[in-house]
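Note: the block below is work33.cif and it holds mmCIF, C-alpha atoms and all ligand atoms.
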data_start
#
loop_
_atom_site.label_atom_id
_atom_site.label_comp_id
_atom_site.auth_asym_id
_atom_site.auth_seq_id
_atom_site.Cartn_x
_atom_site.Cartn_y
_atom_site.Cartn_z
CA MET A 1 121.91 93.46 126.87
CA THR A 2 120.78 96.53 124.93
CA THR A 3 117.09 96.45 124.08
CA PRO A 4 116.75 96.49 120.31
CA ILE A 5 114.83 99.32 118.67
CA ASP A 6 112.89 97.92 115.77
CA LEU A 7 112.83 100.05 112.63
CA ARG A 8 112.66 97.13 110.19
CA SER A 9 109.06 97.35 109.10
CA ASP A 10 105.58 98.41 110.11
CA ASN A 11 104.78 94.68 109.89
CA THR A 12 106.85 93.97 112.98
CA ALA A 13 104.47 95.86 115.27
CA GLY A 14 101.64 94.08 117.06
CA ALA A 15 97.95 94.83 116.60
CA GLU A 16 96.19 97.93 117.88
CA PRO A 17 94.45 97.08 121.20
CA TYR A 18 91.12 98.30 119.80
CA VAL A 19 91.39 95.65 117.06
CA LEU A 20 91.90 92.92 119.65
CA GLU A 21 88.96 94.26 121.66
CA ALA A 22 86.80 94.17 118.53
CA LEU A 23 87.78 90.54 117.95
CA ALA A 24 86.86 89.65 121.51
CA ALA A 25 83.58 91.53 121.17
CA VAL A 26 82.40 89.36 118.25
CA ASN A 27 83.56 86.15 119.89
CA HIS A 28 80.26 85.18 121.45
CA GLY A 29 77.23 83.20 120.32
CA THR A 30 76.91 82.26 116.68
CA ALA A 31 76.61 84.20 113.45
CA ALA A 32 75.92 83.41 109.82
CA SER A 33 79.07 82.35 107.99
CA TYR A 34 80.94 83.52 104.87
CA GLY A 35 80.29 87.22 105.42
CA ASP A 36 76.53 86.96 105.67
CA ASP A 37 76.61 88.50 109.13
CA GLU A 38 75.84 91.80 110.84
CA VAL A 39 79.46 92.84 111.38
CA THR A 40 80.27 92.45 107.68
CA ALA A 41 77.14 94.46 106.79
CA ARG A 42 78.27 97.18 109.22
CA LEU A 43 81.71 97.24 107.61
CA GLN A 44 80.15 97.73 104.17
CA ARG A 45 78.22 100.74 105.48
CA ARG A 46 81.32 102.08 107.24
CA VAL A 47 83.45 101.92 104.08
CA SER A 48 80.79 103.78 102.10
CA GLU A 49 80.76 106.49 104.80
CA VAL A 50 84.55 106.77 104.88
CA PHE A 51 84.72 107.08 101.08
CA GLU A 52 81.61 109.30 100.83
CA ARG A 53 79.89 107.11 98.23
CA PRO A 54 78.60 103.56 97.87
CA ALA A 55 81.60 101.24 97.93
CA HIS A 56 82.17 97.50 98.15
CA VAL A 57 84.74 96.03 100.53
CA PHE A 58 86.30 92.57 100.50
CA GLY A 59 88.48 91.43 103.40
CA VAL A 60 91.62 89.42 102.56
CA VAL A 61 94.59 88.36 104.65
CA SER A 62 97.39 90.26 102.95
CA GLY A 63 98.31 93.21 100.79
CA THR A 64 99.57 90.79 98.16
CA ALA A 65 96.15 89.14 97.94
CA ALA A 66 94.44 92.54 97.76
CA ASN A 67 96.72 93.66 94.93
CA ALA A 68 96.65 90.45 92.92
CA LEU A 69 92.91 89.87 93.17
CA GLY A 70 91.99 93.53 92.73
CA LEU A 71 94.20 93.82 89.63
CA SER A 72 92.92 90.54 88.22
CA ALA A 73 89.40 91.96 88.22
CA LEU A 74 90.56 94.93 86.14
CA CYS A 75 92.79 93.19 83.61
CA PRO A 76 91.59 91.14 80.61
CA PRO A 77 93.57 87.97 79.72
CA TRP A 78 95.44 89.79 76.93
CA GLY A 79 96.16 92.83 79.11
CA ALA A 80 99.28 94.13 80.85
CA VAL A 81 99.54 95.96 84.16
CA VAL A 82 101.56 99.18 84.05
CA CYS A 83 103.44 100.00 87.25
CA HIS A 84 106.67 101.53 88.53
CA GLU A 85 109.63 99.20 88.03
CA SER A 86 110.17 99.03 91.80
CA ALA A 87 106.49 98.51 92.63
CA HIS A 88 105.81 95.87 95.27
CA VAL A 89 103.50 94.08 92.80
CA ALA A 90 106.39 93.82 90.35
CA VAL A 91 109.26 92.79 92.59
CA ASN A 92 107.95 91.49 95.91
CA GLU A 93 104.83 89.49 95.27
CA ALA A 94 106.16 86.38 93.50
CA ALA A 95 104.14 87.15 90.35
CA ALA A 96 100.85 86.77 92.22
CA THR A 97 99.20 89.37 89.98
CA SER A 98 100.26 87.51 86.84
CA MET A 99 98.99 84.26 88.29
CA PHE A 100 95.55 85.61 89.17
CA ALA A 101 95.29 87.78 86.04
CA ASP A 102 95.69 84.99 83.47
CA GLY A 103 99.42 85.55 83.03
CA ALA A 104 99.25 89.32 82.58
CA PRO A 105 102.76 90.79 82.42
CA LEU A 106 103.75 93.78 84.55
CA LEU A 107 105.29 96.63 82.58
CA GLY A 108 107.65 98.37 85.00
CA LEU A 109 108.44 102.01 84.23
CA ALA A 110 111.49 103.92 85.44
CA GLY A 111 111.12 107.06 87.55
CA GLU A 112 112.95 108.92 90.34
CA GLY A 113 112.46 107.28 93.72
CA SER A 114 109.55 104.97 93.20
CA ARG A 115 107.29 107.56 91.62
CA LEU A 116 105.38 107.12 88.40
CA THR A 117 105.24 110.17 86.16
CA THR A 118 102.83 111.07 83.39
CA ASP A 119 105.87 111.41 81.08
CA ALA A 120 106.90 107.80 81.74
CA VAL A 121 103.34 106.55 81.25
CA ALA A 122 102.95 108.58 78.05
CA ALA A 123 106.25 107.16 76.73
CA CYS A 124 105.01 103.64 77.51
CA PHE A 125 101.81 104.35 75.59
CA ALA A 126 103.82 105.80 72.68
CA ARG A 127 105.82 102.58 72.25
CA THR A 128 102.77 100.31 72.59
CA GLY A 129 101.43 98.62 69.50
CA TRP A 130 97.80 99.36 70.27
CA GLY A 131 95.54 96.78 68.67
CA ASP A 132 98.51 94.58 67.71
CA PRO A 133 97.46 91.06 68.74
CA HIS A 134 101.13 90.12 69.18
CA GLN A 135 101.47 92.55 72.10
CA SER A 136 99.91 92.54 75.54
CA GLN A 137 97.71 95.61 75.71
CA PRO A 138 98.30 97.97 78.65
CA SER A 139 95.02 97.59 80.53
CA VAL A 140 95.55 98.71 84.12
CA LEU A 141 97.70 101.35 85.78
CA THR A 142 98.66 100.63 89.38
CA VAL A 143 100.08 103.40 91.57
CA THR A 144 101.50 102.87 95.07
CA GLN A 145 100.33 105.38 97.68
CA ALA A 146 102.39 106.07 99.83
CA THR A 147 105.21 104.99 97.52
CA GLU A 148 107.60 102.18 98.36
CA MET A 149 110.14 104.89 99.29
CA GLY A 150 107.86 106.92 101.55
CA GLU A 151 106.81 109.73 99.25
CA VAL A 152 103.17 110.60 98.64
CA TYR A 153 101.30 111.61 95.51
CA GLU A 154 99.10 114.71 95.84
CA PRO A 155 95.47 114.14 94.78
CA ASP A 156 96.03 116.07 91.53
CA GLU A 157 99.06 113.91 90.72
CA ILE A 158 96.96 110.76 91.10
CA GLY A 159 94.26 112.51 89.05
CA ALA A 160 96.71 113.33 86.21
CA LEU A 161 98.02 109.75 86.07
CA ALA A 162 94.49 108.36 86.14
CA GLU A 163 93.26 110.74 83.46
CA LEU A 164 96.11 109.78 81.16
CA ALA A 165 95.50 106.07 81.82
CA ARG A 166 91.78 106.38 81.20
CA SER A 167 92.38 108.32 77.97
CA ARG A 168 93.81 105.04 76.58
CA GLY A 169 91.12 102.89 78.17
CA LEU A 170 93.18 101.67 81.14
CA ARG A 171 91.59 101.05 84.52
CA VAL A 172 93.21 102.47 87.64
CA HIS A 173 94.28 100.69 90.82
CA LEU A 174 95.96 102.02 93.95
CA ASP A 175 98.26 99.86 96.07
CA GLY A 176 97.42 101.43 99.41
CA ALA A 177 99.56 99.25 101.66
CA ARG A 178 100.29 102.62 103.35
CA PHE A 179 97.16 104.43 102.19
CA ALA A 180 96.34 105.57 105.74
CA ASN A 181 99.81 107.10 106.07
CA ALA A 182 99.31 108.97 102.80
CA VAL A 183 95.88 110.28 103.81
CA ALA A 184 97.28 111.35 107.17
CA ALA A 185 100.31 113.03 105.58
CA LEU A 186 98.22 114.93 103.05
CA GLY A 187 95.32 115.75 105.37
CA CYS A 188 92.90 115.15 102.51
CA ALA A 189 89.76 113.00 102.30
CA PRO A 190 90.14 109.32 101.34
CA ALA A 191 87.80 110.08 98.42
CA ASP A 192 90.25 112.71 97.09
CA LEU A 193 92.92 110.06 96.59
CA THR A 194 90.60 107.44 95.13
CA TRP A 195 87.38 107.76 93.15
CA ARG A 196 87.47 111.57 92.89
CA ALA A 197 90.92 111.18 91.29
CA GLY A 198 89.78 108.34 89.00
CA VAL A 199 90.82 105.29 91.04
CA GLU A 200 88.46 102.33 90.70
CA VAL A 201 90.04 99.75 92.98
CA LEU A 202 92.05 100.28 96.16
CA SER A 203 94.12 97.83 98.18
CA LEU A 204 93.33 99.45 101.51
CA GLY A 205 96.26 98.17 103.57
CA ALA A 206 95.53 97.60 107.24
CA THR A 207 97.90 95.04 108.72
CA LYS A 208 100.86 97.44 108.63
CA ASN A 209 98.76 99.96 110.52
CA GLY A 210 97.13 97.94 113.29
CA THR A 211 95.03 94.90 112.30
CA VAL A 212 96.06 91.31 112.97
CA THR A 213 95.23 89.52 109.72
CA ALA A 214 92.96 91.79 107.74
CA ASP A 215 93.61 93.79 104.62
CA ALA A 216 90.92 94.76 102.16
CA ILE A 217 90.01 95.52 98.58
CA VAL A 218 87.70 98.51 98.18
CA THR A 219 86.00 99.17 94.87
CA PHE A 220 83.56 101.77 93.64
CA ASP A 221 82.60 99.72 90.58
CA ASP A 222 79.65 97.30 90.81
CA ASP A 223 80.92 95.04 88.00
CA VAL A 224 84.34 94.70 89.60
CA ALA A 225 82.61 93.88 92.89
CA ALA A 226 80.51 91.19 91.21
CA GLN A 227 83.67 89.58 89.81
CA LEU A 228 85.54 89.82 93.08
CA THR A 229 82.87 87.77 94.82
CA TYR A 230 83.93 84.78 92.72
CA ARG A 231 87.61 85.64 92.36
CA LEU A 232 88.02 85.76 96.15
CA LYS A 233 86.25 82.45 96.60
CA ARG A 234 88.40 80.74 93.95
CA ALA A 235 91.52 82.10 95.64
CA GLY A 236 90.41 80.87 99.06
CA HIS A 237 89.90 84.35 100.46
CA VAL A 238 86.31 84.05 101.64
CA ALA A 239 86.73 83.38 105.35
CA SER A 240 84.05 81.10 106.73
CA LYS A 241 84.09 83.09 109.99
CA GLY A 242 84.00 86.35 108.08
CA ARG A 243 82.84 88.37 111.06
CA PHE A 244 86.33 88.15 112.57
CA VAL A 245 87.87 89.73 109.48
CA ALA A 246 85.13 92.35 109.27
CA ALA A 247 85.40 93.17 112.99
CA GLN A 248 89.08 94.08 112.60
CA LEU A 249 88.46 96.33 109.62
CA ASP A 250 85.34 97.90 111.10
CA ALA A 251 87.12 98.78 114.34
CA TYR A 252 90.07 100.06 112.31
CA LEU A 253 87.99 102.48 110.26
CA ALA A 254 85.57 103.54 113.01
CA GLU A 255 86.02 107.02 114.49
CA ASP A 256 89.01 107.66 112.18
CA ARG A 257 91.16 105.37 114.31
CA TRP A 258 93.07 104.21 111.24
CA LEU A 259 94.13 107.80 110.61
CA ALA A 260 95.11 108.34 114.23
CA SER A 261 97.32 105.23 114.02
CA ALA A 262 98.89 106.45 110.77
CA ARG A 263 99.47 109.94 112.18
CA ARG A 264 101.44 108.39 115.06
CA ALA A 265 103.58 106.36 112.64
CA ASN A 266 104.22 109.41 110.44
CA ALA A 267 104.99 111.62 113.44
CA ALA A 268 107.49 109.07 114.73
CA MET A 269 109.24 109.09 111.34
CA ALA A 270 109.26 112.90 111.22
CA ARG A 271 110.82 113.01 114.71
CA LEU A 272 113.41 110.42 113.72
CA LEU A 273 114.31 112.21 110.48
CA ALA A 274 114.57 115.58 112.23
CA GLY A 275 117.07 114.10 114.67
CA LEU A 276 119.02 112.31 111.95
CA ALA A 277 119.18 115.51 109.89
CA GLU A 278 121.00 117.20 112.80
CA LEU A 279 123.57 114.42 112.48
CA GLY A 280 123.89 114.94 108.74
CA HIS A 281 121.70 112.06 107.55
CA HIS A 282 118.95 112.95 105.07
CA PRO A 283 116.43 110.67 103.39
CA GLN A 284 116.45 110.29 99.65
CA PRO A 285 113.82 110.91 98.44
CA ALA A 286 112.32 113.19 101.11
CA ALA A 287 109.95 110.95 103.08
CA ARG A 288 106.49 112.16 104.07
CA ALA A 289 105.02 108.96 105.43
CA ASN A 290 106.48 106.35 107.79
CA ILE A 291 109.17 104.82 105.61
CA ALA A 292 112.48 106.39 104.60
CA PHE A 293 115.60 105.44 102.67
CA LEU A 294 118.87 107.08 103.70
CA PRO A 295 122.33 106.99 102.18
CA VAL A 296 124.48 105.76 105.07
CA PRO A 297 128.02 104.41 104.61
CA ASP A 298 128.19 100.70 105.43
CA ASP A 299 130.68 101.16 108.30
CA VAL A 300 128.35 103.73 109.91
CA ALA A 301 125.33 101.45 109.40
CA ALA A 302 127.30 98.63 111.03
CA ARG A 303 127.79 100.84 114.13
CA TRP A 304 124.04 101.51 114.26
CA VAL A 305 123.48 97.75 114.21
CA ASP A 306 126.00 97.26 117.02
CA ALA A 307 124.13 99.94 118.98
CA GLY A 308 120.97 97.83 118.84
CA LEU A 309 119.06 99.40 115.96
CA LEU A 310 117.17 96.92 113.81
CA PHE A 311 116.67 97.95 110.18
CA TYR A 312 117.21 96.67 106.66
CA GLY A 313 120.18 97.54 104.48
CA ILE A 314 118.51 97.68 101.10
CA GLU A 315 121.72 97.84 99.06
CA PRO A 316 125.31 98.82 99.92
CA GLY A 317 125.24 102.35 101.30
CA VAL A 318 121.45 102.58 101.71
CA VAL A 319 119.41 101.82 104.81
CA ARG A 320 115.64 101.69 105.12
CA LEU A 321 113.95 102.82 108.32
CA VAL A 322 110.26 102.27 109.06
CA THR A 323 108.13 103.41 111.98
CA SER A 324 104.70 102.11 112.92
CA TRP A 325 101.62 103.11 114.88
CA ALA A 326 103.36 101.57 117.90
CA THR A 327 106.66 103.47 117.71
CA THR A 328 106.95 105.76 120.73
CA ASP A 329 108.72 109.10 121.10
CA ALA A 330 110.89 107.46 123.75
CA GLU A 331 112.02 104.79 121.27
CA VAL A 332 112.79 107.41 118.64
CA ASP A 333 114.76 109.51 121.12
CA GLU A 334 116.67 106.45 122.31
CA ALA A 335 117.46 105.50 118.70
CA LEU A 336 118.79 109.00 118.09
CA ALA A 337 120.84 108.95 121.30
CA ARG A 338 122.47 105.69 120.19
CA VAL A 339 123.20 107.02 116.69
CA ARG A 340 124.68 110.15 118.26
CA ALA A 341 126.83 108.09 120.61
CA VAL A 342 128.36 106.01 117.81
CA SER A 343 128.87 109.08 115.59
CA ARG A 344 131.39 110.72 117.86
C1 LIG B 1 103.80 98.89 98.96
C2 LIG B 1 103.41 97.51 99.40
N1 LIG B 1 102.40 96.89 98.76
C3 LIG B 1 101.99 95.67 99.11
C4 LIG B 1 102.57 94.99 100.17
C5 LIG B 1 102.12 93.58 100.45
O1 LIG B 1 101.62 93.34 101.70
P1 LIG B 1 101.69 91.88 102.34
O2 LIG B 1 103.09 91.67 102.79
O3 LIG B 1 100.68 91.94 103.44
O4 LIG B 1 101.30 90.88 101.31
C6 LIG B 1 103.62 95.60 100.87
C7 LIG B 1 104.29 94.92 102.00
O5 LIG B 1 105.37 95.22 102.41
C8 LIG B 1 104.05 96.89 100.47
O6 LIG B 1 105.07 97.52 101.09
#

Using structure tokens, write down the structure from this file.
Amino acid sequence: MTTPIDLRSDNTAGAEPYVLEALAAVNHGTAASYGDDEVTARLQRRVSEVFERPAHVFGVVSGTAANALGLSALCPPWGAVVCHESAHVAVNEAAATSMFADGAPLLGLAGEGSRLTTDAVAACFARTGWGDPHQSQPSVLTVTQATEMGEVYEPDEIGALAELARSRGLRVHLDGARFANAVAALGCAPADLTWRAGVEVLSLGATKNGTVTADAIVTFDDDVAAQLTYRLKRAGHVASKGRFVAAQLDAYLAEDRWLASARRANAAMARLLAGLAELGHHPQPAARANIAFLPVPDDVAARWVDAGLLFYGIEPGVVRLVTSWATTDAEVDEALARVRAVSR
């Protein structure tokens, strides 16, 4: 039987060995519970170093929890969350943000690929009845970095969106399910894509890039952090054995390992796309991270499936390919060889 090559999602990969070693390393003796331990304190220091300023970090088990709880701390009960219409928070999180944010609606804006533009945000503001108690008031802007379709926003693009949002009193959140891949693709500092650009809360994203069960909310705002302490507890996201969550995230961020993992995932995608381009297949939009959407006729996609490639058909004529920290050059080359073989 042909060994399948898995390009379905970065969630299908296992955990980075260094994360498992870190878990084993904290699995001895006893430690104070609920995050009152040394490993959690070390993680707090580590996050502040990585982001070059005092920051608060809260471990959670999923990107959905990070988004919903982070956004809930930014949005008043009468507020609305502004996002791209294809944002994961809007279409793939079962209204978790609305549930945790007192019913806040998500205002999805159109835009090429899954990119938000200042024009679209300005148009949304222009049609808002500011101060009208009959209307939810846009209160938070959430931007996905890297985008759901594998593009990245440059730091000045995030800055322009955040500046516009803040000019109308909105707070700014980043869904960083693939934040590491964006930082790696851009070669900039994590601070450049967050607080320096006006972002107050970040869903860090870590499970797709090497942890087992640890994602995180990072915030640079003390008041948001104070709220999150209670919001996480109410949502059941304060792990009693918090050191095991912190150990994963601490190992992940130490020595820039998270960026090394993301660079591997991005490089695997670049290699794959270079090979597919030779065969006439090009991503739309151009992908810079580890996820790509390609127009591929259904009969061709069916041959790729028969050749043992695992991937998702997003809609008729469009396939999504995703690489991870664990995707090897050999797997990419084998995938390309199989595509080539069924293209003849
Ligand atoms: C852009 C984006 N945000 C958030 C999430 C949510 O992560 P999780 O599935 O861990 O809840 C995902 C997962 O696919 C995602 O792609």

Legend entry - Atomic separation - CA of Leu141 in chain A relative to CA of Ile291 in chain A, Å: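 CA of Ile291 in chain A sits 23.2 Å away from CA of Leu141 in chain A.
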
Legend entry - 10 Å contact set for Val300 in chain A, all atoms listed in the file, chain neighbours under 3 positions out, as JSON, numbers by chain: {"A": [296, 297, 303, 304, 305, 306, 317, 339, 342, 343]}

Could you please take those selected residues and save C-alpha atoms as a PDB file, keeping the file's coordinate frame?
ATOM      1  CA  VAL A 296     124.480 105.760 105.070  1.00  0.00           C
ATOM      2  CA  PRO A 297     128.020 104.410 104.610  1.00  0.00           C
ATOM      3  CA  ARG A 303     127.790 100.840 114.130  1.00  0.00           C
ATOM      4  CA  TRP A 304     124.040 101.510 114.260  1.00  0.00           C
ATOM      5  CA  VAL A 305     123.480  97.750 114.210  1.00  0.00           C
ATOM      6  CA  ASP A 306     126.000  97.260 117.020  1.00  0.00           C
ATOM      7  CA  GLY A 317     125.240 102.350 101.300  1.00  0.00           C
ATOM      8  CA  VAL A 339     123.200 107.020 116.690  1.00  0.00           C
ATOM      9  CA  VAL A 342     128.360 106.010 117.810  1.00  0.00           C
ATOM     10  CA  SER A 343     128.870 109.080 115.590  1.00  0.00           C
TER      11      SER A 343
END

Inset, instruction - Pick out the closest residue to ligand LIG 1 (chain B) from this set: A:Val172, A:Ala341, A:Ala182, A:Ala120. Count all atoms listed in the file. - result: A:Ala182

Legend entry - Shell of 7 Å around ligand LIG 1 (chain B) (only C-alpha atoms and all ligand atoms), written as number ranges by chain: A: 62-65, 87-89, 144, 147-148, 175-178, 207

Inset, instruction - Using only C-alpha atoms, determine which residues lie at most 6 Å from range 73-78 of chain A, disregarding the query and same-chain residues fewer than 2 positions distant; provide the list as a ChimeraX atom specification. - result: /A:70-71,102,136,139,224

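Near Phe220 in chain A, within 10 Å and counting only C-alpha atoms, sit Ser48, Phe51, Arg53, Pro54, Ala55, His56, Val57, Thr194, Trp195, Val199, Glu200, Val201, Leu202, Val218, Asp222, Asp223, Val224 and Ala225 of chain A, not including residues fewer than 2 positions from it in the same chain.
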
Legend entry - Atom pair CA of Phe125 in chain A / CA of Glu157 in chain A: separation (Å):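 Between CA of Phe125 in chain A and CA of Glu157 in chain A the gap is 18.1 Å.
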
Inset, instruction - In Å, rounded to a single decimal, give me how far CA of Phe100 in chain A is from CA of Ala235 in chain A. - result: 8.4 Å

Legend entry - Contacts of Met269 in chain A within 7 Å, all atoms listed in the file, excl. fewer than 4 positions in-chain, as a ChimeraX atom specification: /A:265,273,290,323

Inset, instruction - Select, from A:Gly313, A:Pro190, A:Pro295, A:Gly210, the residue with the minimum atom-to-atom distance to His281 in chain A, counting all atoms listed in the file. - result: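 Looking only at the distances to His281 in chain A, the closest residue turns out to be A:Pro295.
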
For Leu107 in chain A, please output as a short mmCIF file (atom, residue, chain, number, x, y, z; two decimals) with C-alpha atoms, in the coordinates of the input all residues within 10 Å (counting all atoms listed in the file; exclusion window: fewer than 4 positions along the same chain).
data_model
loop_
_atom_site.label_atom_id
_atom_site.label_comp_id
_atom_site.auth_asym_id
_atom_site.auth_seq_id
_atom_site.Cartn_x
_atom_site.Cartn_y
_atom_site.Cartn_z
CA ALA A 80 99.28 94.13 80.85
CA VAL A 81 99.54 95.96 84.16
CA VAL A 82 101.56 99.18 84.05
CA CYS A 83 103.44 100.00 87.25
CA HIS A 84 106.67 101.53 88.53
CA GLU A 85 109.63 99.20 88.03
CA ALA A 90 106.39 93.82 90.35
CA CYS A 124 105.01 103.64 77.51
CA SER A 136 99.91 92.54 75.54
CA PRO A 138 98.30 97.97 78.65
CA LEU A 141 97.70 101.35 85.78
#

Legend entry - Residue nearest Tyr230 in chain A - candidates A:Ala326, A:Leu186, A:Ala110, A:Leu69, atoms counted: all atoms listed in the file: A:Leu69

Legend entry - Nearest candidate to Ser324 in chain A (options A:Ala262, A:Val238, A:Ala287, A:Leu336; using only C-alpha atoms):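 Ranked by minimum distance to Ser324 in chain A, first place goes to A:Ala262.
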
Legend entry - Among listed residues A:Leu106, A:Asp192, A:Glu16, A:Ala268, nearest Ala94 in chain A (using only C-alpha atoms):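 Comparing A:Leu106, A:Asp192, A:Glu16, A:Ala268 against Ala94 in chain A, the winner is A:Leu106.
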
Legend entry - Proximity to Leu321 in chain A - best of A:Ser72, A:Ser98, A:Gln284, A:Ser9, only C-alpha atoms: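 Of A:Ser72, A:Ser98, A:Gln284, A:Ser9, the one nearest Leu321 in chain A, counting only C-alpha atoms, is A:Ser9.
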
For range 182-196 of chain A, I'd like the enclosing box, axis-aligned and padded by 6 Å on every side, reported as lines of an AutoDock Vina configuration file with centre and edge lengths in Å to one decimal.
center_x = 93.8
center_y = 111.6
center_z = 100.0
size_x = 24.9
size_y = 20.3
size_z = 26.3
